[in-house]
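Structure data follow from entry_1.txt (compact mmCIF, C-alpha atoms and all ligand atoms):
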```
# COMPACT_ATOMS: atom_id res chain seq x y z
CA MET A 1 -54.59 131.47 -164.94
CA ASP A 2 -56.42 130.60 -161.73
CA ALA A 3 -54.28 130.42 -158.60
CA THR A 4 -53.72 126.88 -157.39
CA PHE A 5 -55.06 125.71 -154.02
CA LYS A 6 -51.51 125.87 -152.62
CA GLU A 7 -51.02 129.46 -153.84
CA ARG A 8 -54.34 130.53 -152.31
CA VAL A 9 -53.40 128.93 -148.98
CA GLU A 10 -50.08 130.78 -149.04
CA GLU A 11 -51.85 134.05 -149.89
CA ARG A 12 -54.28 133.55 -146.98
CA LEU A 13 -51.36 132.85 -144.65
CA ASN A 14 -49.54 135.96 -145.85
CA GLN A 15 -52.53 138.29 -145.57
CA GLY A 16 -53.98 136.84 -142.36
CA LEU A 17 -56.54 134.19 -141.49
CA LEU A 18 -60.19 135.19 -141.63
CA GLY A 19 -62.96 134.18 -139.24
CA GLN A 20 -61.08 135.80 -136.35
CA TRP A 21 -61.08 138.85 -134.11
CA TYR A 22 -58.13 141.25 -134.46
CA VAL A 23 -57.22 144.42 -132.60
CA ILE A 24 -57.20 147.29 -135.10
CA ALA A 25 -56.86 150.46 -132.98
CA LYS A 26 -56.82 151.94 -129.53
CA SER A 27 -60.24 153.16 -128.39
CA LYS A 28 -58.94 156.61 -127.58
CA GLN A 29 -57.79 157.11 -131.17
CA ILE A 30 -61.45 157.62 -132.10
CA GLN A 31 -63.15 160.31 -130.07
CA PRO A 32 -66.92 161.06 -130.39
CA GLY A 33 -67.44 162.73 -133.77
CA GLY A 34 -64.00 161.55 -134.90
CA LEU A 35 -62.82 159.11 -137.55
CA PHE A 36 -59.72 157.01 -138.02
CA ARG A 37 -58.28 155.33 -141.08
CA VAL A 38 -56.73 151.90 -140.61
CA LYS A 39 -55.42 149.12 -142.81
CA ALA A 40 -55.81 145.54 -141.61
CA LEU A 41 -55.72 142.19 -143.42
CA SER A 42 -54.99 144.13 -146.62
CA ARG A 43 -58.33 145.96 -146.31
CA ASP A 44 -58.62 149.76 -146.16
CA LEU A 45 -61.05 150.53 -143.35
CA VAL A 46 -62.49 153.56 -141.64
CA LEU A 47 -63.58 153.66 -138.01
CA TRP A 48 -65.80 156.45 -136.75
CA ARG A 49 -67.53 157.21 -133.51
CA GLY A 50 -70.94 158.69 -134.05
CA GLU A 51 -72.16 161.57 -131.98
CA ASP A 52 -74.04 158.85 -129.98
CA GLY A 53 -70.63 157.49 -128.87
CA VAL A 54 -71.04 154.21 -130.81
CA LEU A 55 -68.04 153.01 -132.79
CA ARG A 56 -68.62 151.86 -136.39
CA CYS A 57 -66.37 150.35 -139.06
CA THR A 58 -66.73 149.97 -142.82
CA GLU A 59 -64.55 149.83 -145.89
CA ASP A 60 -62.83 153.15 -146.48
CA TYR A 61 -64.53 153.53 -149.82
CA CYS A 62 -67.39 155.71 -151.02
CA PRO A 63 -69.70 153.75 -153.34
CA HIS A 64 -70.34 156.82 -155.55
CA ARG A 65 -66.88 157.39 -157.08
CA GLY A 66 -64.57 155.56 -154.72
CA ALA A 67 -63.27 158.46 -152.63
CA PRO A 68 -61.93 157.47 -149.20
CA LEU A 69 -64.62 158.04 -146.59
CA SER A 70 -61.85 158.81 -144.11
CA GLU A 71 -61.42 162.18 -145.90
CA GLY A 72 -64.98 163.04 -144.86
CA SER A 73 -66.63 163.80 -141.54
CA VAL A 74 -69.03 162.36 -138.99
CA LYS A 75 -72.66 163.48 -139.19
CA GLY A 76 -74.80 162.13 -136.36
CA LYS A 77 -74.45 158.34 -136.61
CA HIS A 78 -73.20 158.47 -140.20
CA ILE A 79 -70.00 159.23 -142.04
CA ALA A 80 -70.28 161.77 -144.88
CA CYS A 81 -68.03 161.63 -147.94
CA ALA A 82 -66.16 164.87 -148.55
CA TYR A 83 -66.45 164.61 -152.36
CA HIS A 84 -70.22 164.92 -152.99
CA GLY A 85 -71.64 164.47 -149.50
CA ILE A 86 -73.07 160.92 -149.58
CA GLU A 87 -73.82 159.71 -146.05
CA MET A 88 -73.11 156.07 -145.18
CA ASP A 89 -74.35 154.23 -142.10
CA GLY A 90 -72.45 151.71 -139.97
CA GLU A 91 -73.87 148.77 -141.94
CA GLY A 92 -72.41 150.00 -145.23
CA VAL A 93 -75.80 151.24 -146.46
CA VAL A 94 -76.21 154.53 -148.33
CA ALA A 95 -78.24 156.62 -145.88
CA LYS A 96 -78.51 159.84 -147.86
CA VAL A 97 -77.52 161.35 -151.22
CA PRO A 98 -77.82 165.08 -150.55
CA ALA A 99 -76.91 166.10 -154.11
CA LEU A 100 -79.86 164.31 -155.80
CA ARG A 101 -83.43 164.03 -154.55
CA ASN A 102 -84.82 160.42 -154.53
CA CYS A 103 -81.50 158.99 -155.70
CA PRO A 104 -81.92 155.22 -156.17
CA LEU A 105 -78.68 154.60 -154.28
CA GLU A 106 -80.40 155.47 -151.00
CA GLY A 107 -81.13 152.41 -148.85
CA ARG A 108 -78.74 150.15 -150.75
CA LYS A 109 -75.97 148.21 -149.00
CA GLU A 110 -72.93 149.02 -151.09
CA ILE A 111 -69.83 148.39 -148.96
CA ASP A 112 -68.67 145.89 -146.35
CA SER A 113 -69.10 146.68 -142.68
CA PHE A 114 -67.29 145.08 -139.75
CA VAL A 115 -68.52 144.22 -136.26
CA VAL A 116 -66.38 145.99 -133.65
CA GLU A 117 -66.18 145.72 -129.87
CA GLU A 118 -64.11 147.71 -127.38
CA HIS A 119 -62.32 146.08 -124.46
CA ALA A 120 -59.40 147.07 -122.22
CA GLY A 121 -58.84 150.20 -124.30
CA GLY A 122 -58.57 148.30 -127.60
CA VAL A 123 -60.85 148.09 -130.64
CA PHE A 124 -61.48 144.50 -131.74
CA ALA A 125 -62.89 143.85 -135.23
CA TYR A 126 -64.24 140.60 -136.62
CA PHE A 127 -63.08 139.61 -140.13
CA PRO A 128 -65.61 137.12 -141.56
CA SER A 129 -64.66 133.96 -143.41
CA ALA A 130 -66.77 131.96 -145.86
CA ASP A 131 -67.57 129.36 -143.21
CA GLN A 132 -67.86 131.82 -140.28
CA PRO A 133 -69.63 134.87 -141.74
CA ASP A 134 -71.07 135.87 -138.36
CA PRO A 135 -68.81 136.83 -135.47
CA THR A 136 -67.58 133.98 -133.30
CA PRO A 137 -67.46 134.64 -129.54
CA LEU A 138 -64.73 137.12 -128.66
CA VAL A 139 -62.47 135.36 -126.15
CA LEU A 140 -60.70 137.97 -124.05
CA PRO A 141 -57.42 137.18 -122.27
CA TYR A 142 -57.99 136.55 -118.57
CA GLU A 143 -55.66 139.44 -117.73
CA PHE A 144 -58.38 141.82 -119.03
CA THR A 145 -61.24 140.28 -117.09
CA ASN A 146 -60.13 138.91 -113.72
CA GLY A 147 -59.46 142.29 -112.10
CA ALA A 148 -56.01 141.29 -110.80
CA TYR A 149 -53.97 143.21 -113.36
CA GLU A 150 -53.28 146.84 -114.08
CA PHE A 151 -52.23 147.43 -117.69
CA PHE A 152 -51.01 149.90 -120.29
CA LEU A 153 -51.81 149.49 -123.98
CA THR A 154 -49.21 150.53 -126.53
CA THR A 155 -48.89 149.81 -130.23
CA SER A 156 -46.26 149.82 -132.92
CA LEU A 157 -46.01 149.18 -136.67
CA TRP A 158 -43.48 146.51 -137.64
CA GLU A 159 -42.27 146.21 -141.23
CA SER A 160 -42.58 142.45 -141.25
CA ASN A 161 -45.12 139.81 -142.11
CA TYR A 162 -47.15 139.09 -138.97
CA ARG A 163 -46.06 135.45 -139.00
CA TYR A 164 -42.43 136.40 -138.31
CA ALA A 165 -43.65 138.56 -135.43
CA ILE A 166 -45.57 135.66 -133.82
CA GLU A 167 -42.62 133.36 -134.45
CA ASN A 168 -40.44 135.86 -132.60
CA ILE A 169 -42.67 135.38 -129.55
CA ALA A 170 -42.67 131.59 -129.93
CA ASP A 171 -38.85 131.66 -129.69
CA PRO A 172 -37.73 132.25 -126.07
CA MET A 173 -34.06 131.57 -126.82
CA HIS A 174 -33.63 134.87 -128.61
CA GLY A 175 -34.07 136.72 -125.27
CA PRO A 176 -30.55 136.47 -123.78
CA HIS A 177 -28.92 136.86 -127.21
CA LEU A 178 -30.71 139.64 -129.10
CA HIS A 179 -31.62 141.49 -125.87
CA GLY A 180 -28.52 140.57 -123.84
CA ASP A 181 -27.51 144.24 -123.36
CA THR A 182 -30.85 145.35 -121.88
CA PHE A 183 -32.02 146.09 -118.35
CA THR A 184 -34.63 143.33 -118.06
CA LEU A 185 -33.35 140.65 -120.46
CA SER A 186 -29.63 140.36 -119.73
CA GLY A 187 -29.95 137.65 -117.05
CA GLY A 188 -29.74 133.86 -117.14
CA SER A 189 -27.81 131.46 -119.31
CA ARG A 190 -27.52 131.67 -123.08
CA GLU A 191 -27.79 127.96 -123.63
CA ASP A 192 -30.66 125.57 -122.96
CA LYS A 193 -33.24 123.27 -124.50
CA VAL A 194 -36.83 124.20 -125.17
CA LYS A 195 -40.00 122.21 -124.57
CA LEU A 196 -43.52 122.60 -125.88
CA THR A 197 -46.81 121.80 -124.16
CA ALA A 198 -50.22 121.92 -125.81
CA VAL A 199 -52.85 124.11 -124.11
CA ASP A 200 -56.41 125.06 -125.02
CA GLY A 201 -56.27 126.90 -128.36
CA GLY A 202 -52.49 126.80 -128.70
CA PHE A 203 -49.29 125.92 -126.89
CA VAL A 204 -46.75 126.96 -124.30
CA VAL A 205 -43.09 127.01 -125.24
CA GLU A 206 -40.52 127.30 -122.45
CA ARG A 207 -36.92 126.74 -121.56
CA VAL A 208 -36.15 123.44 -119.85
CA ALA A 209 -33.44 124.44 -117.37
CA GLN A 210 -34.32 128.06 -116.61
CA GLN A 211 -37.46 129.90 -115.56
CA GLY A 212 -37.92 133.47 -114.40
CA ALA A 213 -34.44 134.77 -115.26
CA ASN A 214 -35.16 136.00 -118.78
CA PHE A 215 -37.90 135.74 -121.39
CA ASP A 216 -38.08 132.00 -120.65
CA TRP A 217 -41.74 131.17 -121.31
CA ALA A 218 -44.38 132.12 -123.87
CA GLU A 219 -47.96 131.11 -124.51
CA VAL A 220 -49.23 131.30 -128.09
CA ILE A 221 -52.99 131.06 -128.65
CA VAL A 222 -54.02 130.87 -132.30
CA GLU A 223 -57.03 128.56 -132.47
CA ASN A 224 -59.66 130.22 -130.27
CA GLY A 225 -60.83 132.87 -132.77
CA THR A 226 -59.05 135.71 -130.89
CA PRO A 227 -55.36 135.04 -131.51
CA HIS A 228 -52.93 136.42 -128.95
CA CYS A 229 -49.73 135.58 -127.06
CA ARG A 230 -48.43 136.20 -123.56
CA VAL A 231 -44.91 136.38 -122.18
CA ASN A 232 -43.35 137.18 -118.80
CA ILE A 233 -40.61 139.77 -118.44
CA PRO A 234 -38.53 139.52 -115.25
CA TYR A 235 -38.14 142.69 -113.22
CA PRO A 236 -35.29 143.28 -110.75
CA PRO A 237 -36.21 144.31 -107.15
CA ALA A 238 -35.82 147.95 -108.21
CA GLY A 239 -38.73 147.34 -110.60
CA GLY A 240 -41.25 147.96 -107.83
CA PRO A 241 -44.26 145.87 -106.80
CA GLY A 242 -46.12 143.24 -108.78
CA GLY A 243 -43.49 140.64 -109.65
CA MET A 244 -42.89 139.78 -113.28
CA MET A 245 -44.42 141.93 -115.97
CA ARG A 246 -46.89 140.08 -118.15
CA VAL A 247 -47.13 141.24 -121.76
CA VAL A 248 -50.23 140.24 -123.70
CA ASN A 249 -49.64 140.73 -127.43
CA PHE A 250 -52.10 140.89 -130.30
CA LEU A 251 -50.68 140.87 -133.81
CA THR A 252 -52.69 142.22 -136.68
CA PRO A 253 -51.59 141.68 -140.28
CA VAL A 254 -51.64 145.06 -142.08
CA ASP A 255 -50.66 143.60 -145.43
CA GLU A 256 -48.21 141.00 -146.65
CA PHE A 257 -45.17 142.98 -145.51
CA ASN A 258 -46.31 144.84 -142.39
CA CYS A 259 -48.05 144.11 -139.14
CA ARG A 260 -49.26 146.11 -136.18
CA ILE A 261 -48.49 144.85 -132.72
CA PHE A 262 -50.62 145.80 -129.72
CA PHE A 263 -49.02 145.21 -126.33
CA TRP A 264 -50.86 145.18 -123.05
CA ARG A 265 -48.19 145.48 -120.37
CA CYS A 266 -49.73 144.08 -117.20
CA ARG A 267 -48.75 143.76 -113.55
CA LYS A 268 -50.57 142.31 -110.57
CA VAL A 269 -50.91 145.42 -108.44
CA LYS A 270 -53.69 147.03 -106.43
CA GLY A 271 -54.25 150.25 -104.46
CA ILE A 272 -51.09 152.24 -103.75
CA GLU A 273 -48.95 149.64 -105.58
CA ARG A 274 -50.94 150.42 -108.66
CA GLU A 275 -49.99 154.10 -108.43
CA VAL A 276 -46.32 153.23 -107.81
CA TRP A 277 -46.29 150.96 -110.84
CA ARG A 278 -47.97 153.51 -113.10
CA PHE A 279 -45.45 156.13 -112.04
CA LEU A 280 -42.42 153.85 -112.43
CA PHE A 281 -43.65 152.60 -115.79
CA ARG A 282 -44.15 156.03 -117.29
CA THR A 283 -40.95 157.53 -115.88
CA THR A 284 -38.49 154.64 -116.06
CA PHE A 285 -39.57 151.40 -117.66
CA GLU A 286 -41.45 152.45 -120.77
CA PRO A 287 -38.32 153.84 -122.54
CA LEU A 288 -36.40 150.66 -121.57
CA HIS A 289 -39.13 148.47 -123.06
CA TRP A 290 -39.14 150.46 -126.28
CA TYR A 291 -35.38 149.86 -126.53
CA VAL A 292 -35.98 146.08 -126.35
CA LEU A 293 -38.83 146.24 -128.86
CA GLU A 294 -36.74 148.27 -131.26
CA GLN A 295 -34.23 145.39 -131.28
CA ASP A 296 -37.04 143.01 -132.28
CA ARG A 297 -38.49 145.41 -134.83
CA ARG A 298 -35.13 146.02 -136.50
CA MET A 299 -34.31 142.31 -136.68
CA LEU A 300 -37.65 141.36 -138.23
CA ALA A 301 -37.62 144.29 -140.68
CA ALA A 302 -34.15 143.25 -141.85
CA MET A 303 -35.18 139.65 -142.55
CA LYS A 304 -36.16 138.89 -146.14
CA PRO A 305 -39.85 138.02 -146.64
CA ASP A 306 -38.85 134.60 -147.99
CA ALA A 307 -36.23 133.86 -145.30
CA ARG A 308 -38.26 130.85 -144.24
CA ASN A 309 -37.43 129.17 -147.57
CA ARG A 310 -33.74 129.01 -146.70
CA GLU A 311 -33.43 128.28 -143.01
CA ARG A 312 -32.06 125.45 -140.89
CA LEU A 313 -34.18 125.07 -137.78
CA TYR A 314 -32.87 123.31 -134.67
CA GLN A 315 -34.30 122.07 -131.38
CA HIS A 316 -35.18 125.54 -130.07
CA ASP A 317 -37.53 126.16 -132.97
CA ILE A 318 -40.24 123.67 -131.98
CA GLY A 319 -42.62 126.55 -131.20
CA ILE A 320 -42.10 127.99 -134.68
CA THR A 321 -42.70 124.62 -136.30
CA ARG A 322 -45.89 124.04 -134.30
CA LEU A 323 -47.14 127.52 -135.13
CA ARG A 324 -46.59 127.00 -138.84
CA GLN A 325 -48.32 123.63 -138.82
CA THR A 326 -51.33 125.09 -137.01
CA LEU A 327 -51.69 128.19 -139.20
CA SER A 328 -51.28 126.12 -142.39
CA LYS A 329 -53.95 123.68 -141.26
CA MET A 330 -56.34 126.57 -140.53
CA ALA A 331 -55.60 128.28 -143.87
CA ARG A 332 -56.18 125.05 -145.80
CA ALA A 333 -59.50 124.53 -144.00
CA GLN A 334 -60.60 128.10 -144.87
CA VAL A 335 -59.75 127.85 -148.54
CA SER A 336 -61.40 124.41 -148.75
CA ALA A 337 -64.56 125.83 -147.15
CA GLU A 338 -64.63 128.61 -149.78
CA ASP A 339 -64.33 126.03 -152.57
CA ALA A 340 -67.07 123.89 -151.04
CA LEU A 341 -69.42 126.89 -150.87
CA LYS A 342 -68.74 127.74 -154.53
CA GLU A 343 -69.49 124.18 -155.56
CA GLU A 344 -72.73 123.86 -153.57
CA PRO A 345 -75.55 123.09 -156.02
CA GLN A 346 -77.94 126.01 -156.51
CA VAL A 347 -81.47 125.20 -155.28
CA SER A 348 -83.87 125.36 -158.19
CA GLN A 349 -86.72 127.87 -157.98
CA ASN A 350 -89.13 125.07 -158.91
CA ALA A 351 -87.84 122.53 -156.42
S1 LIG B 1 -67.26 160.03 -154.26
FE1 LIG B 1 -68.23 160.08 -152.36
S2 LIG B 1 -69.98 161.28 -152.66
FE2 LIG B 1 -69.04 161.21 -154.58
FE FE B 2 -37.59 140.00 -128.42
```

Please express what this file holds, its structure, as structure tokens.
Amino acid sequence: MDATFKERVEERLNQGLLGQWYVIAKSKQIQPGGLFRVKALSRDLVLWRGEDGVLRCTEDYCPHRGAPLSEGSVKGKHIACAYHGIEMDGEGVVAKVPALRNCPLEGRKEIDSFVVEEHAGGVFAYFPSADQPDPTPLVLPYEFTNGAYEFFLTTSLWESNYRYAIENIADPMHGPHLHGDTFTLSGGSREDKVKLTAVDGGFVVERVAQQGANFDWAEVIVENGTPHCRVNIPYPPAGGPGGMMRVVNFLTPVDEFNCRIFFWRCRKVKGIEREVWRFLFRTTFEPLHWYVLEQDRRMLAAMKPDARNRERLYQHDIGITRLRQTLSKMARAQVSAEDALKEEPQVSQNA
């Protein structure tokens, strides 16, 4: 039986919206001549960096017998399957079949390829949708482009649907409760109200009575084609120069039950302050941040996938409600666009 419209919308929401840019790896994970297997939006992908230094991305699937290309090796600009040696190019076209002269497979596009760009140490991939098959403009966070910030990129796999992970960011009131025993997030009051303000491509959610004492503010951008979030983490005076730490987060759905989170931890520092911050971060603050993140990871992993079907939201959850409304609207629009394309009348050859 065909899935209903509602079921397809739910499936799209669970697996991740298309027509968007997602971060899928750190640039340094793929050295020249190297390859890297990654799963994103329920697709098995392989990234490789040709000997020319250019990064390429296709399905992790050899069109001959279906072996994973990630078991193979890089040859010039191509990736070569380990099983019988077929070479694929970065467009998903069979470049060479070494085992059979004049094989008709040569020159045929057989697998999907993905446009990738590298920025701020991250690999961004575009996942096409029916109505946006070509990449939309990649909108980078201003922290990457305005030169004021120094940043570190780290990543972690969370055993949770990506929507719970974004909702966790859109929920500033969990800071003083879940993280109340930590170095950076123990301050401020545990009670407040929350307000929401619309901004370009998303919204800001913040505490009404308190700013700057805990995780009191978050910006969630989901409608600009490059979804990401930003939060501020207060640092005590012993935290060195640069004021609050800004964390820019990108969340990539791996599959229905897992997501990968990429954090850019940023501070406004220059010159010698930059060196002090890098040193303090590596020696002192990074382990403290991982402690906080482990609290988030454990909480989300322990929640049942269908927890949202039996919850009682209250005033603090306005960010979560707005996020769900926005993502649902986008998913419905995508599935409707796919239906409209299927129903488009075929142009007659004789017309
Ligand atoms: S399965 Fe890849 S070359 Fe045969
Ligand atoms: Fe948290």

inquiry  = Please find the residues contacting ligand FE 2 (chain B) at a distance of at most 8 Å between atoms, with all atoms listed in the file counted, and report them as a list in words.
reply    = Asn168, Ile169, His174, Gly175, Leu178, His179, Val292, Leu293, Gln295 and Asp296 of chain A

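Distances here use all atoms listed in the file; by that measure, the residue among A:Ala307, A:Ala165, A:Val208, A:Ile86 closest to ligand LIG 1 (chain B) is A:Ile86.
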
Given 3 Å of margin on each side, can you work out the centre and size in Å (one decimal) of an axis-aligned box holding every listed atom of segment 212-220 of chain A, as JSON?
```
{"center_x": -41.8, "center_y": 133.6, "center_z": -121.2, "size_x": 20.8, "size_y": 10.9, "size_z": 19.7}
```

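Of note, atom CA of Phe36 of chain A and atom CA of His64 of chain A are spaced 20.5 Å apart.
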
ask   = Using all atoms listed in the file, which protein or nucleic acid residues are at most 8 Å from ligand LIG 1 (chain B), as a count of residues only?
value = 18

note = Students should find that atom CA of Lys329 of chain A and atom CA of Arg12 of chain A are spaced 11.4 Å

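Near Thr154 of chain A, within 9 Å and counting all atoms listed in the file, sit Lys26, Ile261, Phe262, Phe263, Trp264 and Arg265 of chain A, not including residues fewer than 3 positions from it in the same chain.
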
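Taking atom CA of Glu117 of chain A and atom CA of Cys229 of chain A as the two end points, the separation is 19.5 Å.
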
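Of the listed residues (A:Arg310, A:Asn161, A:Val94, A:Asn258), A:Val94 comes nearest to Arg108 of chain A; the distances count all atoms listed in the file.
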
Quick one: everything within 10 Å of Glu191 of chain A, counting only C-alpha atoms, minus sequence neighbours fewer than 2 positions away in the same chain. Send it as a PDB file with C-alpha atoms, keeping the file's coordinate frame.
```pdb
ATOM      1  CA  MET A 173     -34.060 131.570-126.820  1.00  0.00           C
ATOM      2  CA  PRO A 176     -30.550 136.470-123.780  1.00  0.00           C
ATOM      3  CA  HIS A 177     -28.920 136.860-127.210  1.00  0.00           C
ATOM      4  CA  GLY A 188     -29.740 133.860-117.140  1.00  0.00           C
ATOM      5  CA  SER A 189     -27.810 131.460-119.310  1.00  0.00           C
ATOM      6  CA  LYS A 193     -33.240 123.270-124.500  1.00  0.00           C
ATOM      7  CA  VAL A 194     -36.830 124.200-125.170  1.00  0.00           C
ATOM      8  CA  ARG A 207     -36.920 126.740-121.560  1.00  0.00           C
ATOM      9  CA  ALA A 209     -33.440 124.440-117.370  1.00  0.00           C
ATOM     10  CA  GLN A 210     -34.320 128.060-116.610  1.00  0.00           C
TER      11      GLN A 210
END
```

request  = May I have the residues at most 6 Å from (-37.5, 136.3, -118.0) in the file's coordinates, counting all atoms listed in the file, as JSON, numbers by chain?
outcome  = {"A": [212, 213, 214, 215, 216, 232, 233, 234]}

key: Residue among A:Arg308, A:Arg297, A:Tyr142, A:Gly240 lying closest to Thr284 of chain A, counting only C-alpha atoms   = A:Gly240

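Counting all atoms listed in the file and comparing A:Ala25, A:Met244, A:Leu196, A:Leu323, the residue that lies closest to Glu223 of chain A is A:Leu323.
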
key: From A:Ala3, A:Leu185, A:Val9, A:Leu17, residue lying nearest Val254 of chain A [only C-alpha atoms]   = A:Leu17

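Nearest to Asp89 of chain A of all the residues A:Glu11, A:Glu106, A:Glu286, A:Glu167 is A:Glu106, based on all atoms listed in the file.
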
inquiry  = Neighbouring residues of Tyr164 of chain A were defined as those with any atom within 12 Å, considering only C-alpha atoms; residues of the same chain fewer than 4 positions away were excluded. Please report them as a PyMOL selection string.
reply    = chain A and resi 13-14+158-160+168-171+251-253+256-259+261+296-297+299-308+320-321+323-324

Contacts of Lys77 of chain A within 7 Å, all atoms listed in the file, excl. fewer than 5 positions in-chain, as a PDB file with C-alpha atoms, keeping the file's coordinate frame:
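Written out: around.pdb:
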```pdb
ATOM      1  CA  GLY A  50     -70.940 158.690-134.050  1.00  0.00           C
ATOM      2  CA  GLU A  51     -72.160 161.570-131.980  1.00  0.00           C
ATOM      3  CA  ASP A  52     -74.040 158.850-129.980  1.00  0.00           C
ATOM      4  CA  ASP A  89     -74.350 154.230-142.100  1.00  0.00           C
TER       5      ASP A  89
END
```

For Leu55 of chain A, please output as a PDB file with C-alpha atoms, in the frame of the given file all residues within 10 Å (counting only C-alpha atoms; exclusion window: fewer than 4 positions along the same chain).
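Just written: part33.pdb:
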```
ATOM      1  CA  SER A  27     -60.240 153.160-128.390  1.00  0.00           C
ATOM      2  CA  ILE A  30     -61.450 157.620-132.100  1.00  0.00           C
ATOM      3  CA  GLN A  31     -63.150 160.310-130.070  1.00  0.00           C
ATOM      4  CA  PRO A  32     -66.920 161.060-130.390  1.00  0.00           C
ATOM      5  CA  GLY A  33     -67.440 162.730-133.770  1.00  0.00           C
ATOM      6  CA  GLY A  34     -64.000 161.550-134.900  1.00  0.00           C
ATOM      7  CA  LEU A  35     -62.820 159.110-137.550  1.00  0.00           C
ATOM      8  CA  LEU A  47     -63.580 153.660-138.010  1.00  0.00           C
ATOM      9  CA  TRP A  48     -65.800 156.450-136.750  1.00  0.00           C
ATOM     10  CA  ARG A  49     -67.530 157.210-133.510  1.00  0.00           C
ATOM     11  CA  GLY A  50     -70.940 158.690-134.050  1.00  0.00           C
ATOM     12  CA  GLU A  51     -72.160 161.570-131.980  1.00  0.00           C
ATOM     13  CA  LYS A  77     -74.450 158.340-136.610  1.00  0.00           C
ATOM     14  CA  GLY A  90     -72.450 151.710-139.970  1.00  0.00           C
ATOM     15  CA  VAL A 115     -68.520 144.220-136.260  1.00  0.00           C
ATOM     16  CA  VAL A 116     -66.380 145.990-133.650  1.00  0.00           C
ATOM     17  CA  GLU A 117     -66.180 145.720-129.870  1.00  0.00           C
ATOM     18  CA  GLU A 118     -64.110 147.710-127.380  1.00  0.00           C
ATOM     19  CA  VAL A 123     -60.850 148.090-130.640  1.00  0.00           C
TER      20      VAL A 123
END
```
